[in-house]
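Q: Input file: run-v7.pdb. Contents: PDB, C-alpha atoms.
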ATOM      1  CA  GLU A   1      -4.094 -17.724   4.756
ATOM      2  CA  ILE A   2      -2.445 -14.332   4.246
ATOM      3  CA  HIS A   3       0.080 -12.676   6.576
ATOM      4  CA  PHE A   4       1.567  -9.184   6.196
ATOM      5  CA  ASP A   5       4.881  -7.973   7.684
ATOM      6  CA  THR A   6       2.929  -4.831   8.527
ATOM      7  CA  THR A   7      -0.490  -3.449   7.596
ATOM      8  CA  GLU A   8       0.427   0.210   8.215
ATOM      9  CA  HIS A   9       3.099   2.546   6.880
ATOM     10  CA  ASN A  10       3.867   6.096   7.990
ATOM     11  CA  PHE A  11       5.739   8.115   5.361
ATOM     12  CA  GLY A  12       6.444  10.845   7.900
ATOM     13  CA  TYR A  13       7.044  14.117   6.061
ATOM     14  CA  VAL A  14       7.103  14.155   2.261
ATOM     15  CA  ILE A  15       7.604  17.111  -0.070
ATOM     16  CA  GLU A  16       4.618  18.069  -2.210
ATOM     17  CA  GLY A  17       5.105  16.868  -5.777
ATOM     18  CA  SER A  18       7.276  13.899  -4.790
ATOM     19  CA  GLU A  19       5.997  10.347  -5.069
ATOM     20  CA  ALA A  20       5.127   8.569  -1.834
ATOM     21  CA  VAL A  21       5.547   4.855  -2.626
ATOM     22  CA  TYR A  22       5.554   1.880  -0.267
ATOM     23  CA  THR A  23       5.606  -1.863  -0.927
ATOM     24  CA  PHE A  24       3.625  -4.053   1.467
ATOM     25  CA  VAL A  25       4.930  -7.646   1.571
ATOM     26  CA  PHE A  26       2.597 -10.532   2.304
ATOM     27  CA  TYR A  27       3.108 -14.272   2.711
ATOM     28  CA  ASN A  28       0.937 -17.265   1.983
ATOM     29  CA  VAL A  29       1.003 -19.089   5.333
ATOM     30  CA  GLY A  30      -1.773 -21.473   4.296
ATOM     31  CA  LYS A  31      -1.763 -24.816   2.510
ATOM     32  CA  GLU A  32      -3.478 -23.736  -0.739
ATOM     33  CA  PRO A  33      -2.493 -21.199  -3.439
ATOM     34  CA  LEU A  34      -3.367 -17.646  -2.372
ATOM     35  CA  VAL A  35      -5.081 -15.486  -4.992
ATOM     36  CA  LEU A  36      -5.550 -11.747  -4.541
ATOM     37  CA  THR A  37      -8.714 -10.513  -6.224
ATOM     38  CA  GLY A  38      -8.198  -6.818  -5.524
ATOM     39  CA  ALA A  39      -6.312  -4.058  -3.741
ATOM     40  CA  GLN A  40      -8.808  -1.209  -3.787
ATOM     41  CA  PRO A  41      -7.675   2.242  -2.609
ATOM     42  CA  GLY A  42     -10.198   4.350  -0.719
ATOM     43  CA  CYS A  43      -9.719   7.324  -3.076
ATOM     44  CA  SER A  44      -8.383   8.251  -6.501
ATOM     45  CA  CYS A  45      -5.322   9.970  -4.952
ATOM     46  CA  THR A  46      -3.939   6.521  -4.116
ATOM     47  CA  VAL A  47      -3.133   3.792  -6.637
ATOM     48  CA  SER A  48      -2.014   0.249  -6.035
ATOM     49  CA  ASP A  49      -0.611  -2.681  -7.947
ATOM     50  CA  TYR A  50      -0.300  -6.191  -6.620
ATOM     51  CA  THR A  51       0.885  -9.715  -7.381
ATOM     52  CA  HIS A  52      -1.726 -11.059  -9.798
ATOM     53  CA  GLU A  53      -0.537 -14.654 -10.144
ATOM     54  CA  PRO A  54      -1.371 -17.221  -7.428
ATOM     55  CA  VAL A  55       1.076 -17.175  -4.506
ATOM     56  CA  MET A  56       2.039 -20.696  -3.547
ATOM     57  CA  PRO A  57       2.205 -21.827   0.108
ATOM     58  CA  GLY A  58       5.322 -20.468   1.825
ATOM     59  CA  LYS A  59       5.914 -17.854  -0.900
ATOM     60  CA  LYS A  60       5.478 -14.081  -0.819
ATOM     61  CA  GLY A  61       3.837 -11.402  -2.903
ATOM     62  CA  THR A  62       3.668  -7.615  -2.879
ATOM     63  CA  ILE A  63       1.235  -4.744  -2.992
ATOM     64  CA  VAL A  64       2.776  -1.465  -4.168
ATOM     65  CA  VAL A  65       0.924   1.648  -2.985
ATOM     66  CA  LYS A  66       1.503   5.123  -4.450
ATOM     67  CA  TYR A  67       0.073   8.324  -2.983
ATOM     68  CA  SER A  68      -0.084  11.429  -5.189
ATOM     69  CA  THR A  69       1.191  14.407  -3.162
ATOM     70  CA  LYS A  70       0.676  17.050  -5.871
ATOM     71  CA  GLY A  71      -1.597  19.790  -4.541
ATOM     72  CA  ARG A  72      -2.259  17.918  -1.287
ATOM     73  CA  ILE A  73      -0.509  19.875   1.479
ATOM     74  CA  GLY A  74      -1.212  18.566   4.996
ATOM     75  CA  GLY A  75      -1.798  15.269   6.748
ATOM     76  CA  PHE A  76      -3.235  12.204   5.072
ATOM     77  CA  THR A  77      -4.488   8.784   6.144
ATOM     78  CA  LYS A  78      -5.600   6.427   3.372
ATOM     79  CA  SER A  79      -6.740   2.832   3.331
ATOM     80  CA  ILE A  80      -6.397   0.061   0.762
ATOM     81  CA  THR A  81      -8.800  -2.891   0.964
ATOM     82  CA  VAL A  82      -7.160  -6.173  -0.050
ATOM     83  CA  THR A  83      -9.474  -8.994  -1.094
ATOM     84  CA  SER A  84      -8.379 -12.584  -1.647
ATOM     85  CA  ASN A  85      -9.360 -16.218  -1.189
ATOM     86  CA  ALA A  86      -7.756 -16.198   2.302
ATOM     87  CA  VAL A  87      -9.681 -16.976   5.485
ATOM     88  CA  THR A  88      -8.840 -13.454   6.716
ATOM     89  CA  ASN A  89     -10.670 -11.432   4.083
ATOM     90  CA  PRO A  90     -10.648  -8.544   3.476
ATOM     91  CA  VAL A  91      -7.491  -7.043   4.978
ATOM     92  CA  ASN A  92      -7.192  -3.258   5.316
ATOM     93  CA  LEU A  93      -3.816  -1.635   4.746
ATOM     94  CA  MET A  94      -3.156   1.927   5.930
ATOM     95  CA  ILE A  95      -0.752   4.634   4.769
ATOM     96  CA  ARG A  96      -0.309   8.008   6.440
ATOM     97  CA  GLY A  97       1.976  10.980   6.489
ATOM     98  CA  THR A  98       2.199  14.735   6.125
ATOM     99  CA  VAL A  99       2.780  16.534   2.839
ATOM    100  CA  MET A 100       4.962  19.652   3.196
ATOM    101  CA  ALA A 101       5.036  22.518   0.735
ATOM    102  CA  ALA A 102       7.979  22.351  -1.671
ATOM    103  CA  PRO A 103      10.657  24.953  -0.886
ATOM    104  CA  GLN A 104      10.258  28.066  -3.014
ATOM    105  CA  GLU A 105      13.168  29.158  -5.161
ATOM    106  CA  VAL A 106      14.578  32.596  -4.320
ATOM    107  CA  HIS A 107      15.461  34.710  -7.356
TER     108      HIS A 107
END
Using structure tokens, write down the structure that the file contains.

A:
Amino acid sequence: EIHFDTTEHNFGYVIEGSEAVYTFVFYNVGKEPLVLTGAQPGCSCTVSDYTHEPVMPGKKGTIVVKYSTKGRIGGFTKSITVTSNAVTNPVNLMIRGTVMAAPQEVH
């Protein structure tokens, strides 16, 4: 069985062009090894990487989510679908925030 500290993260305000990165932590609270089979973002503007090796009972793993802010001014809400051999499957993770225009240099 899989358990997340949190399934949502709000970046708040981020500057366009910066990298919005968050690491979701999950735990294997079951009795068998936990194997993630995917962490699929809902769009190409979001990428994820995750613990690929089996997570033993009582141990933790991570899913790192990166949102590309370049050229994306305004609010965003994106989901990542996590699939595994857990009873609770799939699990949806959510990231949100607002991308602000980068300050313009004055010459």

Q: At a cut-off of 7 Å, using all atoms listed in the file, what residues contact Gly38 in chain A? Leave out same-chain residues fewer than 4 positions from it and give the result as JSON, numbers by chain.

A: {"A": [82, 83, 84]}

Q: Would you export the selected residues with C-alpha atoms as a short mmCIF file (atom, residue, chain, number, x, y, z; two decimals), in the coordinates of the input, please?

A:
data_model
loop_
_atom_site.label_atom_id
_atom_site.label_comp_id
_atom_site.auth_asym_id
_atom_site.auth_seq_id
_atom_site.Cartn_x
_atom_site.Cartn_y
_atom_site.Cartn_z
CA VAL A 82 -7.16 -6.17 -0.05
CA THR A 83 -9.47 -8.99 -1.09
CA SER A 84 -8.38 -12.58 -1.65
#

Q: Might you spell out which residues the PyMOL selection byres ((chain A and resi 55-72) around 6) would select in the displayed file, as an mmCIF file with C-alpha atoms, in the frame of the given file?

A:
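This is the output file result-v4.cif:
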data_model
loop_
_atom_site.group_PDB
_atom_site.id
_atom_site.type_symbol
_atom_site.label_atom_id
_atom_site.label_comp_id
_atom_site.auth_asym_id
_atom_site.auth_seq_id
_atom_site.Cartn_x
_atom_site.Cartn_y
_atom_site.Cartn_z
ATOM 1 C CA GLU A 16 4.618 18.069 -2.210
ATOM 2 C CA GLY A 17 5.105 16.868 -5.777
ATOM 3 C CA ALA A 20 5.127 8.569 -1.834
ATOM 4 C CA VAL A 21 5.547 4.855 -2.626
ATOM 5 C CA TYR A 22 5.554 1.880 -0.267
ATOM 6 C CA THR A 23 5.606 -1.863 -0.927
ATOM 7 C CA PHE A 24 3.625 -4.053 1.467
ATOM 8 C CA VAL A 25 4.930 -7.646 1.571
ATOM 9 C CA PHE A 26 2.597 -10.532 2.304
ATOM 10 C CA TYR A 27 3.108 -14.272 2.711
ATOM 11 C CA ASN A 28 0.937 -17.265 1.983
ATOM 12 C CA VAL A 29 1.003 -19.089 5.333
ATOM 13 C CA GLY A 30 -1.773 -21.473 4.296
ATOM 14 C CA LYS A 31 -1.763 -24.816 2.510
ATOM 15 C CA PRO A 33 -2.493 -21.199 -3.439
ATOM 16 C CA LEU A 34 -3.367 -17.646 -2.372
ATOM 17 C CA CYS A 45 -5.322 9.970 -4.952
ATOM 18 C CA THR A 46 -3.939 6.521 -4.116
ATOM 19 C CA VAL A 47 -3.133 3.792 -6.637
ATOM 20 C CA SER A 48 -2.014 0.249 -6.035
ATOM 21 C CA ASP A 49 -0.611 -2.681 -7.947
ATOM 22 C CA TYR A 50 -0.300 -6.191 -6.620
ATOM 23 C CA THR A 51 0.885 -9.715 -7.381
ATOM 24 C CA PRO A 54 -1.371 -17.221 -7.428
ATOM 25 C CA ILE A 73 -0.509 19.875 1.479
#

Q: Please indicate the distance in Å from CA of Leu93 in chain A to CA of Gly42 in chain A, rounded to one decimal place.

A: 10.3 Å

Q: Considering only C-alpha atoms, can you say which of A:Ser18, A:Thr6, A:Thr37, A:Ser44 comes closest to Met94 in chain A?

A: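 Answer, going by the shortest atom-to-atom distance: A:Thr6.
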
Q: Identify all residues satisfying the PyMOL selection byres ((chain A and resi 99) around 6) in the given file; provide them as a list in words.

A: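 What the PyMOL selection byres ((chain A and resi 99) around 6) grabs from the file is Tyr13, Val14, Ile15, Glu16, Ile73, Gly74, Thr98 and Met100 of chain A.
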
Q: Using the file's own x, y and z axes, so that the box edges lie along x, y and z, what centre and edge lengths in Å (one decimal) does a box around every listed atom of range 79-98 of chain A get when 5 Å is added on each side? Give it as lines of an AutoDock Vina configuration file.

A:
center_x = -4.2
center_y = -1.1
center_z = 2.5
size_x = 22.9
size_y = 41.7
size_z = 18.4

Q: Using Å and a single decimal, report how far CA of Ala102 in chain A sits from CA of Ile80 in chain A.

A: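 The value is 26.6 Å.
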
Q: Could you check how far CA of Gln104 in chain A sits from CA of Asn10 in chain A, in Å to one decimal?

A: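 Those two atoms sit 25.4 Å apart.
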
Q: Residue by residue, what does the PyMOL selection byres ((chain A and resi 91) around 6) grab here? Present the result as a ChimeraX atom specification.

A: /A:81-82,89-90,92

Q: Would you mind exporting the chosen residues as an mmCIF file, keeping the file's coordinate frame, restricted to C-alpha atoms?

A:
data_model
loop_
_atom_site.group_PDB
_atom_site.id
_atom_site.type_symbol
_atom_site.label_atom_id
_atom_site.label_comp_id
_atom_site.auth_asym_id
_atom_site.auth_seq_id
_atom_site.Cartn_x
_atom_site.Cartn_y
_atom_site.Cartn_z
ATOM 1 C CA THR A 81 -8.800 -2.891 0.964
ATOM 2 C CA VAL A 82 -7.160 -6.173 -0.050
ATOM 3 C CA ASN A 89 -10.670 -11.432 4.083
ATOM 4 C CA PRO A 90 -10.648 -8.544 3.476
ATOM 5 C CA ASN A 92 -7.192 -3.258 5.316
#

Q: Please produce range 14-25 of chain A, completed to all heavy atoms, as a PDB file, in the frame of the given file.

A:
ATOM      1  N   VAL A  14       6.720  14.245   3.671  1.00  0.00           N
ATOM      2  CA  VAL A  14       7.103  14.155   2.261  1.00  0.00           C
ATOM      3  C   VAL A  14       6.881  15.514   1.614  1.00  0.00           C
ATOM      4  O   VAL A  14       5.999  16.270   2.020  1.00  0.00           O
ATOM      5  CB  VAL A  14       6.318  13.060   1.506  1.00  0.00           C
ATOM      6  CG1 VAL A  14       6.699  11.679   1.984  1.00  0.00           C
ATOM      7  CG2 VAL A  14       4.828  13.256   1.628  1.00  0.00           C
ATOM      8  N   ILE A  15       7.701  15.825   0.632  1.00  0.00           N
ATOM      9  CA  ILE A  15       7.604  17.111  -0.070  1.00  0.00           C
ATOM     10  C   ILE A  15       6.529  17.011  -1.146  1.00  0.00           C
ATOM     11  O   ILE A  15       6.489  16.049  -1.916  1.00  0.00           O
ATOM     12  CB  ILE A  15       8.964  17.493  -0.709  1.00  0.00           C
ATOM     13  CG1 ILE A  15      10.052  17.585   0.367  1.00  0.00           C
ATOM     14  CG2 ILE A  15       8.859  18.788  -1.493  1.00  0.00           C
ATOM     15  CD1 ILE A  15       9.827  18.672   1.397  1.00  0.00           C
ATOM     16  N   GLU A  16       5.684  18.024  -1.209  1.00  0.00           N
ATOM     17  CA  GLU A  16       4.618  18.069  -2.210  1.00  0.00           C
ATOM     18  C   GLU A  16       5.227  17.942  -3.606  1.00  0.00           C
ATOM     19  O   GLU A  16       6.241  18.555  -3.906  1.00  0.00           O
ATOM     20  CB  GLU A  16       3.840  19.380  -2.093  1.00  0.00           C
ATOM     21  CG  GLU A  16       2.601  19.388  -2.949  1.00  0.00           C
ATOM     22  CD  GLU A  16       2.524  20.573  -3.885  1.00  0.00           C
ATOM     23  OE1 GLU A  16       3.256  21.545  -3.697  1.00  0.00           O
ATOM     24  OE2 GLU A  16       1.722  20.499  -4.808  1.00  0.00           O
ATOM     25  N   GLY A  17       4.618  17.103  -4.421  1.00  0.00           N
ATOM     26  CA  GLY A  17       5.105  16.868  -5.777  1.00  0.00           C
ATOM     27  C   GLY A  17       5.959  15.611  -5.885  1.00  0.00           C
ATOM     28  O   GLY A  17       6.139  15.070  -6.971  1.00  0.00           O
ATOM     29  N   SER A  18       6.494  15.139  -4.750  1.00  0.00           N
ATOM     30  CA  SER A  18       7.276  13.899  -4.790  1.00  0.00           C
ATOM     31  C   SER A  18       6.320  12.709  -4.741  1.00  0.00           C
ATOM     32  O   SER A  18       5.152  12.856  -4.398  1.00  0.00           O
ATOM     33  CB  SER A  18       8.266  13.837  -3.622  1.00  0.00           C
ATOM     34  OG  SER A  18       7.574  13.740  -2.398  1.00  0.00           O
ATOM     35  N   GLU A  19       6.839  11.537  -5.083  1.00  0.00           N
ATOM     36  CA  GLU A  19       5.997  10.347  -5.069  1.00  0.00           C
ATOM     37  C   GLU A  19       6.182   9.603  -3.755  1.00  0.00           C
ATOM     38  O   GLU A  19       7.300   9.294  -3.369  1.00  0.00           O
ATOM     39  CB  GLU A  19       6.379   9.448  -6.249  1.00  0.00           C
ATOM     40  CG  GLU A  19       5.217   8.657  -6.784  1.00  0.00           C
ATOM     41  CD  GLU A  19       5.590   7.932  -8.066  1.00  0.00           C
ATOM     42  OE1 GLU A  19       6.508   7.094  -8.028  1.00  0.00           O
ATOM     43  OE2 GLU A  19       4.953   8.208  -9.083  1.00  0.00           O
ATOM     44  N   ALA A  20       5.096   9.351  -3.062  1.00  0.00           N
ATOM     45  CA  ALA A  20       5.127   8.569  -1.834  1.00  0.00           C
ATOM     46  C   ALA A  20       4.755   7.140  -2.212  1.00  0.00           C
ATOM     47  O   ALA A  20       3.601   6.857  -2.545  1.00  0.00           O
ATOM     48  CB  ALA A  20       4.156   9.136  -0.813  1.00  0.00           C
ATOM     49  N   VAL A  21       5.750   6.237  -2.189  1.00  0.00           N
ATOM     50  CA  VAL A  21       5.547   4.855  -2.626  1.00  0.00           C
ATOM     51  C   VAL A  21       5.994   3.915  -1.517  1.00  0.00           C
ATOM     52  O   VAL A  21       7.049   4.109  -0.915  1.00  0.00           O
ATOM     53  CB  VAL A  21       6.361   4.550  -3.908  1.00  0.00           C
ATOM     54  CG1 VAL A  21       6.145   3.108  -4.353  1.00  0.00           C
ATOM     55  CG2 VAL A  21       6.008   5.513  -5.016  1.00  0.00           C
ATOM     56  N   TYR A  22       5.185   2.891  -1.253  1.00  0.00           N
ATOM     57  CA  TYR A  22       5.554   1.880  -0.267  1.00  0.00           C
ATOM     58  C   TYR A  22       5.119   0.512  -0.775  1.00  0.00           C
ATOM     59  O   TYR A  22       4.045   0.376  -1.374  1.00  0.00           O
ATOM     60  CB  TYR A  22       4.893   2.152   1.088  1.00  0.00           C
ATOM     61  CG  TYR A  22       5.342   1.178   2.149  1.00  0.00           C
ATOM     62  CD1 TYR A  22       6.614   1.266   2.696  1.00  0.00           C
ATOM     63  CD2 TYR A  22       4.509   0.158   2.573  1.00  0.00           C
ATOM     64  CE1 TYR A  22       7.044   0.353   3.657  1.00  0.00           C
ATOM     65  CE2 TYR A  22       4.920  -0.748   3.530  1.00  0.00           C
ATOM     66  CZ  TYR A  22       6.192  -0.648   4.070  1.00  0.00           C
ATOM     67  OH  TYR A  22       6.622  -1.555   5.006  1.00  0.00           O
ATOM     68  N   THR A  23       5.932  -0.497  -0.532  1.00  0.00           N
ATOM     69  CA  THR A  23       5.606  -1.863  -0.927  1.00  0.00           C
ATOM     70  C   THR A  23       5.291  -2.692   0.310  1.00  0.00           C
ATOM     71  O   THR A  23       6.161  -2.900   1.162  1.00  0.00           O
ATOM     72  CB  THR A  23       6.784  -2.499  -1.702  1.00  0.00           C
ATOM     73  OG1 THR A  23       7.060  -1.699  -2.861  1.00  0.00           O
ATOM     74  CG2 THR A  23       6.440  -3.923  -2.136  1.00  0.00           C
ATOM     75  N   PHE A  24       4.036  -3.126   0.409  1.00  0.00           N
ATOM     76  CA  PHE A  24       3.625  -4.053   1.467  1.00  0.00           C
ATOM     77  C   PHE A  24       3.976  -5.466   1.002  1.00  0.00           C
ATOM     78  O   PHE A  24       3.698  -5.831  -0.145  1.00  0.00           O
ATOM     79  CB  PHE A  24       2.119  -3.966   1.716  1.00  0.00           C
ATOM     80  CG  PHE A  24       1.678  -2.720   2.414  1.00  0.00           C
ATOM     81  CD1 PHE A  24       1.228  -1.618   1.695  1.00  0.00           C
ATOM     82  CD2 PHE A  24       1.705  -2.637   3.801  1.00  0.00           C
ATOM     83  CE1 PHE A  24       0.815  -0.464   2.337  1.00  0.00           C
ATOM     84  CE2 PHE A  24       1.287  -1.488   4.454  1.00  0.00           C
ATOM     85  CZ  PHE A  24       0.847  -0.397   3.721  1.00  0.00           C
ATOM     86  N   VAL A  25       4.576  -6.261   1.885  1.00  0.00           N
ATOM     87  CA  VAL A  25       4.930  -7.646   1.571  1.00  0.00           C
ATOM     88  C   VAL A  25       3.983  -8.563   2.348  1.00  0.00           C
ATOM     89  O   VAL A  25       3.744  -8.358   3.532  1.00  0.00           O
ATOM     90  CB  VAL A  25       6.395  -7.950   1.960  1.00  0.00           C
ATOM     91  CG1 VAL A  25       6.738  -9.407   1.698  1.00  0.00           C
ATOM     92  CG2 VAL A  25       7.350  -7.026   1.201  1.00  0.00           C
TER      93      VAL A  25
END
